[in-house]
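Peer 1: So that you have it, the file is run17.csv, and it contains CSV, C-alpha atoms:
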```csv
chain,number,residue,atom,x,y,z
V,1,MET,CA,-115.2,-2.4,74.5
V,2,THR,CA,-114.6,-1.9,71.0
V,3,THR,CA,-111.0,-0.8,69.7
V,4,GLU,CA,-110.2,0.9,66.4
V,5,GLU,CA,-107.1,0.0,64.3
V,6,GLU,CA,-104.6,2.9,63.8
V,7,PRO,CA,-104.2,3.9,60.2
V,8,SER,CA,-100.9,2.8,58.6
V,9,THR,CA,-98.2,5.4,58.6
V,10,ARG,CA,-96.2,3.9,55.5
V,11,ALA,CA,-97.3,4.7,52.0
V,12,ASP,CA,-96.7,2.1,49.3
V,13,ALA,CA,-93.9,3.2,46.9
V,14,PRO,CA,-94.9,3.7,43.3
V,15,THR,CA,-93.7,1.0,40.8
V,16,PRO,CA,-91.1,2.4,38.3
V,17,SER,CA,-92.2,2.1,34.7
V,18,PRO,CA,-90.0,-0.1,32.5
V,19,ALA,CA,-87.4,1.6,30.2
V,20,PRO,CA,-88.5,1.9,26.6
V,21,THR,CA,-87.1,-1.0,24.5
V,22,ASN,CA,-86.7,1.1,21.4
V,23,ALA,CA,-84.2,3.6,22.8
V,24,THR,CA,-81.4,4.7,20.4
V,25,PRO,CA,-77.9,3.6,21.6
V,26,ALA,CA,-75.3,6.3,22.3
V,27,PRO,CA,-72.9,6.9,19.4
V,28,SER,CA,-69.4,5.4,20.0
V,29,PRO,CA,-66.3,7.7,19.9
V,30,PRO,CA,-64.6,8.1,16.5
V,31,ARG,CA,-61.6,5.8,15.9
V,32,ALA,CA,-58.2,7.4,15.4
V,33,SER,CA,-56.9,6.9,11.8
V,34,PRO,CA,-53.6,4.9,11.8
V,35,ALA,CA,-50.4,7.1,11.4
V,36,LEU,CA,-48.7,6.9,8.0
V,37,THR,CA,-45.2,5.3,8.4
V,38,PRO,CA,-42.4,5.4,5.8
V,39,PRO,CA,-41.6,2.1,4.1
V,40,GLN,CA,-38.9,0.1,5.9
V,41,ARG,CA,-35.5,0.0,4.2
V,42,PRO,CA,-33.5,-3.2,4.3
V,43,PRO,CA,-31.1,-2.9,7.3
V,44,GLY,CA,-27.5,-2.2,6.2
V,45,ARG,CA,-28.2,-0.9,2.8
V,46,LEU,CA,-25.7,2.0,3.2
V,47,LEU,CA,-23.1,-0.5,4.4
V,48,ALA,CA,-23.7,-2.6,1.3
V,49,LEU,CA,-23.3,0.5,-0.9
V,50,ALA,CA,-20.0,1.3,0.9
V,51,ALA,CA,-18.8,-2.2,0.3
V,52,LEU,CA,-19.6,-2.1,-3.4
V,53,LEU,CA,-17.9,1.3,-3.7
V,54,SER,CA,-14.8,-0.1,-2.0
V,55,ALA,CA,-14.7,-2.9,-4.5
V,56,ALA,CA,-15.1,-0.5,-7.4
V,57,LEU,CA,-12.3,1.7,-6.3
V,58,MET,CA,-9.9,-1.3,-5.9
V,59,ALA,CA,-10.8,-2.8,-9.2
V,60,LEU,CA,-10.6,0.6,-11.1
V,61,HIS,CA,-7.5,2.0,-9.2
V,62,ALA,CA,-5.6,2.3,-12.5
V,63,HIS,CA,-8.3,4.7,-13.8
V,64,LEU,CA,-8.7,7.0,-10.9
V,65,PRO,CA,-7.8,10.5,-12.1
V,66,ASN,CA,-4.7,12.3,-11.0
V,67,THR,CA,-6.1,15.7,-12.0
V,68,ALA,CA,-7.3,16.6,-8.4
V,69,LEU,CA,-4.5,16.6,-5.9
V,70,ASN,CA,-2.8,13.5,-7.4
V,71,LEU,CA,-5.2,11.4,-5.4
V,72,GLY,CA,-5.0,8.6,-7.9
V,73,SER,CA,-1.3,8.1,-7.2
V,74,LEU,CA,-1.9,8.4,-3.5
V,75,PHE,CA,-4.6,5.8,-3.6
V,76,GLN,CA,-2.3,3.4,-5.6
V,77,THR,CA,0.5,4.0,-3.1
V,78,LEU,CA,-1.7,2.8,-0.3
V,79,LEU,CA,-3.6,0.2,-2.3
V,80,PRO,CA,-2.6,-2.9,-0.3
V,81,TRP,CA,-4.1,-1.3,2.8
V,82,THR,CA,-7.5,-0.9,1.2
V,83,GLY,CA,-8.0,-4.5,2.3
V,84,LEU,CA,-8.6,-3.2,5.8
V,85,ALA,CA,-12.1,-2.1,4.6
V,86,VAL,CA,-13.2,-5.7,4.5
V,87,PRO,CA,-13.0,-6.7,8.2
V,88,ALA,CA,-14.3,-3.2,9.1
V,89,LEU,CA,-17.3,-3.5,6.9
V,90,LEU,CA,-17.9,-7.1,8.0
V,91,ALA,CA,-17.9,-6.1,11.7
V,92,LEU,CA,-20.4,-3.3,11.0
V,93,ALA,CA,-22.6,-5.7,9.1
V,94,ALA,CA,-22.5,-8.0,12.1
V,95,VAL,CA,-23.5,-5.2,14.5
V,96,ARG,CA,-26.4,-4.2,12.2
V,97,ARG,CA,-27.3,-7.9,11.7
V,98,SER,CA,-27.5,-7.2,8.1
V,99,GLN,CA,-27.2,-10.2,5.7
V,100,VAL,CA,-27.4,-7.9,2.8
V,101,ALA,CA,-24.3,-5.9,3.9
V,102,ALA,CA,-22.5,-9.1,4.8
V,103,VAL,CA,-23.0,-10.5,1.4
V,104,ALA,CA,-21.9,-7.2,-0.2
V,105,VAL,CA,-18.6,-7.3,1.7
V,106,LEU,CA,-17.7,-10.4,-0.5
V,107,ALA,CA,-17.2,-8.0,-3.4
V,108,PRO,CA,-14.2,-6.0,-2.0
V,109,ALA,CA,-12.8,-9.2,-0.4
V,110,LEU,CA,-12.7,-10.9,-3.8
V,111,VAL,CA,-11.2,-7.9,-5.6
V,112,TRP,CA,-8.5,-7.5,-3.0
V,113,ALA,CA,-7.7,-11.2,-3.0
V,114,THR,CA,-7.4,-11.1,-6.8
V,115,LEU,CA,-5.1,-8.1,-6.7
V,116,PHE,CA,-2.8,-9.3,-3.9
V,117,GLY,CA,-3.5,-12.9,-3.2
V,118,PRO,CA,-0.4,-14.0,-5.2
V,119,THR,CA,1.7,-11.4,-3.4
V,120,LEU,CA,1.2,-13.2,-0.1
V,121,THR,CA,2.7,-16.5,-1.4
V,122,ASP,CA,6.4,-17.3,-1.4
V,123,LYS,CA,7.5,-17.1,-5.0
V,124,ALA,CA,11.2,-17.8,-4.6
V,125,LYS,CA,12.4,-20.2,-7.3
V,126,GLY,CA,15.7,-21.2,-6.0
V,127,THR,CA,19.0,-19.7,-7.1
V,128,GLY,CA,20.1,-22.6,-9.3
V,129,ALA,CA,23.7,-23.7,-9.8
V,130,THR,CA,26.4,-21.9,-7.9
V,131,GLY,CA,28.1,-19.1,-10.0
V,132,GLN,CA,25.1,-18.6,-12.2
V,133,GLY,CA,23.4,-15.9,-10.2
V,134,LEU,CA,23.9,-12.3,-9.2
V,135,THR,CA,22.8,-11.0,-5.8
V,136,VAL,CA,22.1,-7.3,-5.7
V,137,LEU,CA,21.2,-5.1,-2.7
V,138,SER,CA,19.7,-1.6,-2.6
V,139,HIS,CA,19.6,0.7,0.4
V,140,ASN,CA,18.7,4.3,1.2
V,141,VAL,CA,21.2,4.8,4.0
V,142,ASP,CA,19.7,8.1,5.2
V,143,GLU,CA,21.8,11.2,5.5
V,144,ALA,CA,20.9,11.5,9.2
V,145,ASN,CA,21.9,7.9,9.9
V,146,PRO,CA,23.5,7.9,13.4
V,147,ASP,CA,25.6,4.8,12.7
V,148,PRO,CA,26.8,4.6,9.1
V,149,ALA,CA,29.6,2.2,10.2
V,150,GLY,CA,27.2,-0.2,11.7
V,151,THR,CA,25.0,0.0,8.6
V,152,ALA,CA,27.9,-0.7,6.3
V,153,ARG,CA,28.9,-3.8,8.3
V,154,ALA,CA,25.3,-5.0,8.2
V,155,LEU,CA,25.2,-4.6,4.4
V,156,ALA,CA,28.6,-6.3,3.9
V,157,GLY,CA,27.2,-9.2,6.0
V,158,ALA,CA,24.4,-9.7,3.4
V,159,LYS,CA,27.1,-10.9,1.0
V,160,ALA,CA,25.6,-9.4,-2.1
V,161,ASP,CA,27.6,-9.1,-5.3
V,162,VAL,CA,26.6,-5.5,-6.0
V,163,LEU,CA,25.4,-2.8,-3.6
V,164,ALA,CA,23.6,0.4,-4.6
V,165,LEU,CA,23.5,3.1,-1.8
V,166,VAL,CA,21.6,6.3,-2.1
V,167,GLU,CA,21.4,9.4,0.2
V,168,LEU,CA,25.1,9.4,0.9
V,169,SER,CA,26.5,12.5,2.5
V,170,GLU,CA,29.9,14.0,2.4
V,171,GLU,CA,30.4,12.9,6.0
V,172,SER,CA,29.2,9.3,5.6
V,173,THR,CA,30.7,8.4,2.2
V,174,PRO,CA,34.3,7.9,3.6
V,175,VAL,CA,32.8,5.7,6.3
V,176,TYR,CA,31.1,3.4,3.8
V,177,GLU,CA,34.2,3.4,1.6
V,178,ARG,CA,36.3,2.3,4.6
V,179,GLU,CA,33.9,-0.3,6.0
V,180,LEU,CA,33.1,-1.9,2.6
V,181,ALA,CA,36.6,-1.9,1.1
V,182,ALA,CA,37.5,-5.4,2.1
V,183,ALA,CA,34.4,-7.1,0.6
V,184,TYR,CA,34.0,-4.8,-2.4
V,185,PRO,CA,37.2,-3.9,-4.2
V,186,HIS,CA,35.3,-1.9,-6.8
V,187,HIS,CA,33.2,1.1,-6.2
V,188,ALA,CA,32.1,4.5,-7.6
V,189,VAL,CA,30.3,7.4,-5.9
V,190,LEU,CA,28.7,10.3,-7.7
V,191,GLY,CA,27.1,12.9,-5.5
V,192,GLY,CA,24.7,11.2,-3.2
V,193,VAL,CA,24.6,7.8,-4.9
V,194,GLY,CA,27.2,5.0,-5.1
V,195,LEU,CA,27.8,1.5,-6.3
V,196,TRP,CA,30.0,-1.1,-4.6
V,197,SER,CA,30.8,-4.4,-6.5
V,198,ARG,CA,32.8,-7.6,-6.2
V,199,HIS,CA,33.2,-7.3,-10.0
V,200,ARG,CA,34.9,-4.6,-12.0
V,201,LEU,CA,32.9,-1.5,-12.8
V,202,THR,CA,33.3,0.3,-16.1
V,203,ALA,CA,31.4,3.0,-18.0
V,204,VAL,CA,30.5,4.9,-14.8
V,205,ALA,CA,28.3,7.9,-15.6
V,206,GLU,CA,25.8,10.2,-14.1
V,207,VAL,CA,22.2,10.0,-15.1
V,208,GLU,CA,20.9,13.6,-14.9
V,209,ILE,CA,17.4,13.0,-13.5
V,210,MET,CA,17.6,16.2,-11.4
V,211,PRO,CA,19.7,19.4,-11.1
V,212,TRP,CA,21.9,17.6,-8.6
V,213,THR,CA,23.3,14.1,-8.8
V,214,ARG,CA,20.7,11.6,-7.8
V,215,ALA,CA,21.3,8.7,-10.2
V,216,MET,CA,24.2,6.9,-11.9
V,217,ARG,CA,24.9,3.9,-14.1
V,218,ALA,CA,27.8,1.5,-14.5
V,219,THR,CA,28.6,-1.8,-16.2
V,220,ALA,CA,29.4,-4.7,-13.8
V,221,ALA,CA,31.8,-7.1,-15.5
V,222,THR,CA,30.4,-10.4,-14.0
V,223,PRO,CA,31.8,-13.8,-15.0
V,224,GLU,CA,28.5,-14.5,-16.8
V,225,GLY,CA,28.6,-11.3,-18.8
V,226,PRO,CA,28.2,-7.6,-18.5
V,227,VAL,CA,25.2,-6.1,-16.6
V,228,ALA,CA,24.1,-2.5,-16.7
V,229,VAL,CA,23.5,-1.4,-13.1
V,230,TYR,CA,21.6,1.8,-12.2
V,231,ALA,CA,21.4,3.4,-8.8
V,232,ALA,CA,18.7,6.0,-8.6
V,233,HIS,CA,17.0,8.2,-5.9
V,234,LEU,CA,13.9,9.9,-7.3
V,235,ALA,CA,12.7,13.2,-5.9
V,236,SER,CA,10.8,13.1,-2.6
V,237,VAL,CA,7.0,13.4,-2.4
V,238,ARG,CA,4.8,15.1,0.2
V,239,VAL,CA,1.3,14.8,1.4
V,240,SER,CA,-0.1,18.3,2.3
V,241,GLY,CA,-3.0,20.6,1.9
V,242,ALA,CA,-2.0,20.8,-1.8
V,243,GLY,CA,-2.5,17.1,-2.1
V,244,PHE,CA,0.1,14.5,-3.1
V,245,THR,CA,2.9,16.5,-4.6
V,246,THR,CA,4.8,14.4,-7.1
V,247,ALA,CA,5.7,16.7,-10.0
V,248,ARG,CA,9.5,16.6,-9.5
V,249,ARG,CA,9.5,12.8,-8.9
V,250,ASN,CA,7.4,12.2,-12.0
V,251,GLU,CA,9.8,14.2,-14.1
V,252,ALA,CA,12.8,12.4,-12.7
V,253,ALA,CA,11.1,9.1,-13.5
V,254,ARG,CA,10.6,10.2,-17.1
V,255,VAL,CA,14.3,11.1,-17.5
V,256,LEU,CA,15.4,7.8,-15.9
V,257,ALA,CA,13.0,5.9,-18.2
V,258,ALA,CA,14.5,7.5,-21.2
V,259,ALA,CA,18.0,6.5,-20.1
V,260,VAL,CA,16.8,2.9,-19.5
V,261,ARG,CA,15.1,2.9,-22.9
V,262,ALA,CA,18.4,4.0,-24.6
V,263,GLU,CA,20.5,1.5,-22.7
V,264,PRO,CA,22.2,-0.9,-25.2
V,265,ALA,CA,23.0,-3.6,-22.6
V,266,PRO,CA,20.7,-6.6,-22.8
V,267,ARG,CA,20.8,-7.1,-19.0
V,268,VAL,CA,19.7,-4.1,-16.9
V,269,VAL,CA,19.2,-3.8,-13.1
V,270,VAL,CA,17.8,-0.6,-11.7
V,271,LEU,CA,18.2,-0.2,-7.9
V,272,GLY,CA,17.2,2.5,-5.5
V,273,ASP,CA,14.6,4.6,-3.8
V,274,PHE,CA,11.8,5.5,-6.2
V,275,ASN,CA,9.7,7.4,-3.7
V,276,GLY,CA,6.7,5.5,-5.1
V,277,THR,CA,5.4,2.0,-5.4
V,278,TYR,CA,5.4,-0.3,-8.4
V,279,GLN,CA,1.6,0.1,-8.6
V,280,ASP,CA,1.8,3.9,-9.0
V,281,ARG,CA,1.0,4.6,-12.6
V,282,ALA,CA,3.0,7.8,-12.5
V,283,LEU,CA,6.1,5.6,-12.5
V,284,ALA,CA,4.9,3.7,-15.5
V,285,PRO,CA,7.5,5.2,-17.8
V,286,VAL,CA,10.1,3.2,-15.7
V,287,THR,CA,8.1,0.2,-14.5
V,288,SER,CA,6.6,-0.6,-17.9
V,289,GLN,CA,10.1,-1.4,-19.1
V,290,LEU,CA,11.2,-3.4,-16.1
V,291,ARG,CA,10.0,-6.2,-13.8
V,292,SER,CA,9.9,-6.1,-10.1
V,293,ALA,CA,12.0,-8.8,-8.4
V,294,GLN,CA,9.7,-8.7,-5.4
V,295,ARG,CA,6.5,-9.2,-7.4
V,296,GLU,CA,8.1,-12.2,-9.3
V,297,ALA,CA,10.2,-13.9,-6.6
V,298,GLY,CA,9.4,-12.3,-3.3
V,299,ASP,CA,7.3,-13.4,-0.2
V,300,GLY,CA,4.7,-10.8,0.9
V,301,PHE,CA,4.7,-7.1,0.2
V,302,GLY,CA,8.2,-6.4,1.2
V,303,PHE,CA,7.4,-3.0,2.7
V,304,THR,CA,10.5,-0.8,3.3
V,305,TYR,CA,9.4,2.6,4.7
V,306,PRO,CA,9.4,3.8,7.4
V,307,ALA,CA,11.9,1.3,8.8
V,308,GLY,CA,10.3,1.1,12.3
V,309,PHE,CA,6.9,0.1,10.9
V,310,PRO,CA,7.0,-0.2,7.1
V,311,VAL,CA,3.7,0.5,5.3
V,312,VAL,CA,4.9,1.0,1.7
V,313,ARG,CA,7.5,-0.4,-0.6
V,314,ILE,CA,9.3,2.5,-2.2
V,315,ASP,CA,12.7,0.8,-2.5
V,316,ASP,CA,12.9,-1.8,-5.2
V,317,VAL,CA,15.0,-4.0,-7.5
V,318,LEU,CA,13.8,-3.7,-11.1
V,319,VAL,CA,15.2,-5.9,-13.9
V,320,LYS,CA,15.3,-6.5,-17.6
V,321,GLY,CA,16.9,-9.4,-19.4
V,322,MET,CA,17.4,-11.4,-16.1
V,323,ASP,CA,15.3,-13.8,-14.1
V,324,PRO,CA,14.5,-13.0,-10.5
V,325,ARG,CA,15.0,-16.1,-8.4
V,326,ALA,CA,14.5,-14.7,-4.9
V,327,SER,CA,13.7,-11.3,-3.3
V,328,TRP,CA,13.6,-10.2,0.3
V,329,THR,CA,13.7,-7.3,2.7
V,330,LEU,CA,16.6,-7.1,5.2
V,331,PRO,CA,16.3,-6.1,8.9
V,332,ALA,CA,16.4,-2.4,9.7
V,333,THR,CA,19.7,-0.5,10.0
V,334,GLY,CA,20.3,3.0,11.3
V,335,SER,CA,18.4,4.3,8.3
V,336,ASP,CA,14.7,5.2,8.1
V,337,HIS,CA,14.5,2.8,5.1
V,338,ARG,CA,15.0,-1.0,5.1
V,339,PRO,CA,17.4,-2.6,2.6
V,340,VAL,CA,16.1,-4.8,-0.2
V,341,ALA,CA,17.9,-7.6,-2.0
V,342,ALA,CA,17.3,-10.0,-4.8
V,343,THR,CA,19.1,-12.9,-6.5
V,344,LEU,CA,19.0,-12.8,-10.3
V,345,ARG,CA,19.9,-15.5,-12.8
V,346,PHE,CA,21.3,-15.0,-16.2
```
Could you write out this file's structure as structure tokens?
Peer 2:
Amino acid sequence: MTTEEEPSTRADAPTPSPAPTNATPAPSPPRASPALTPPQRPPGRLLALAALLSAALMALHAHLPNTALNLGSLFQTLLPWTGLAVPALLALAAVRRSQVAAVAVLAPALVWATLFGPTLTDKAKGTGATGQGLTVLSHNVDEANPDPAGTARALAGAKADVLALVELSEESTPVYERELAAAYPHHAVLGGVGLWSRHRLTAVAEVEIMPWTRAMRATAATPEGPVAVYAAHLASVRVSGAGFTTARRNEAARVLAAAVRAEPAPRVVVLGDFNGTYQDRALAPVTSQLRSAQREAGDGFGFTYPAGFPVVRIDDVLVKGMDPRASWTLPATGSDHRPVAATLRF
């Protein structure tokens, strides 16, 4: 018996035709253009500028104008403290890791060292032979001093030859007279200023620097010769919204300067509270004629005010015709000022 094959039920799949080889590739997406960035500034450039400005202010302190709020005098009063800008700027330069700023800090450091480096050294020269020197002491004793007797005893213990006391009051003056009588047989008090001396005092007179008595002069008859001694308390200054008010002090300084200029004695010592520093050019009428014992023979700045933490030296010993051999600041008393003393040689 013959059989027939069943027809196949699967159909052959058609062969796909190959992709054309000349097809155009798809366009790539457009690239974003790079953002415009500002040029990089050297790190610490502002710190470097601040350092250079500090150096310029220190170097040119004598030329800063006093026309606006007397800021020139105020800056000169605080001039020693401008050195604090150096470690502050150096620390900021380290934080910013700026070599430029660190190098720029050298400028104020060098200027400050030039101005005050010698001040930090001990310049005492020795007092020389016994009997050839005069030791003087100046103290603003403070009208509100709660212990004038203790202050007087402390001053007597310093064993100076001449004392100049300012800001005496009607209540305290008899206390100083009593406590100092044994050590100082000669004294004179005019208003709020007084002189006590181991040597005879003559030609005592007021120096009219203000409407009320704030200055006097006398001649101390020392064994080495006469010395004109002035005790002065210039007008107070204030820092307020109106600036650094110094007009009355400056006028008092001009009057005192005129008296010193007219002084016939070849040896002059001016003691007292000047309510200004030797650097303050507003006091130049006085300081241009006299030398500071502290600057010539002291050790350090010799700050005197305020007594608890002194930041300025407004009490001083100024001389003409004598050689400062040593200058120092005494410990605090009951006053808000510290006493200053100096040994002078003829």
Peer 1: Find the residues around Leu155 of chain V up to 12 Å (only C-alpha atoms counted), leave out those fewer than 4 positions away in its own chain, and share them as a PyMOL selection string.
Peer 2: chain V and resi 136-141+148-151+159-165+176+179-180+183-184+196+329-335+338-341
Peer 1: For atom CA of Ala48 of chain V and atom CA of Val111 of chain V, quote the distance in Å rounded to one decimal.
Peer 2: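 Going from atom CA of Ala48 of chain V over to atom CA of Val111 of chain V covers 15.2 Å.
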Peer 1: Which polymer residues have any atom within 6 Å of an atom of segment 73-89 of chain V, counting all atoms listed in the file, with same-chain residues fewer than 5 positions away left out, as a count of residues only?
Peer 2: 3
Peer 1: Atom CA of Gly308 of chain V and atom CA of Val175 of chain V, how far apart in Å?
Peer 2: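 A separation of 23.7 Å between them.
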Peer 1: How many Å separate atom CA of Leu256 of chain V from atom CA of Ile314 of chain V?
Peer 2: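 It comes out at 15.9 Å.
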Peer 1: So which residues fall inside 6 Å of (25.3, 14.9, -9.1) if we count only C-alpha atoms? Mind giving them as a ChimeraX atom specification?
Peer 2: /V:190-191,212-214
Peer 1: Name the residues in contact with Leu195 of chain V at a cut-off of 9 Å, using all atoms listed in the file, excluding same-chain residues fewer than 5 positions from it; report them as a list of chain:residue names.
Peer 2: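 Close residues of Leu195 of chain V: V:Val162, V:Leu163, V:Ala164, V:Leu165, V:Val166, V:His186, V:His187, V:Ala188, V:Val189, V:Leu190, V:Leu201, V:Met216, V:Arg217, V:Ala218, V:Val229, V:Tyr230, V:Ala231.
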Peer 1: Near Arg325 of chain V, within 7 Å and counting all atoms listed in the file, which residues show up once chain neighbours fewer than 4 positions away are dropped, as a list of chain:residue names?
Peer 2: V:Ala124, V:Lys125, V:Gly126, V:Thr127, V:Ala297, V:Thr343, V:Leu344, V:Arg345
Peer 1: Could you check which of V:Asp316, V:Asp122, V:Glu208, V:Glu224 is closest to Asn275 of chain V, using all atoms listed in the file?
Peer 2: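 Among the listed residues, the smallest separation from Asn275 of chain V belongs to V:Asp316.
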Peer 1: What lies within 10 Å of segment 267-269 of chain V using only C-alpha atoms, ignoring chain neighbours under 5 positions off, as a list in words?
Peer 2: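 Non-adjacent residues within range: Val136, Arg217, Thr219, Gly225, Pro226, Val227, Ala228, Val229, Tyr230, Ala231, Val260, Leu290, Arg291, Ala293, Val317, Leu318, Val319, Lys320, Gly321, Met322, Asp323, Leu344 and Phe346 of chain V.
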Peer 1: Counting all atoms listed in the file, figure out which residue out of V:Gly298, V:Gly44, V:Ala182, V:Ala235 gets nearest to Gln99 of chain V.
Peer 2: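 Looking only at the distances to Gln99 of chain V, the closest residue turns out to be V:Gly44.
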Peer 1: Looking at V:Asp273, V:Glu296, V:Glu263, V:Glu177, which one is nearest to Ser236 of chain V, with distances taken over all atoms listed in the file?
Peer 2: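 Among the listed residues, V:Asp273 lies closest to Ser236 of chain V.
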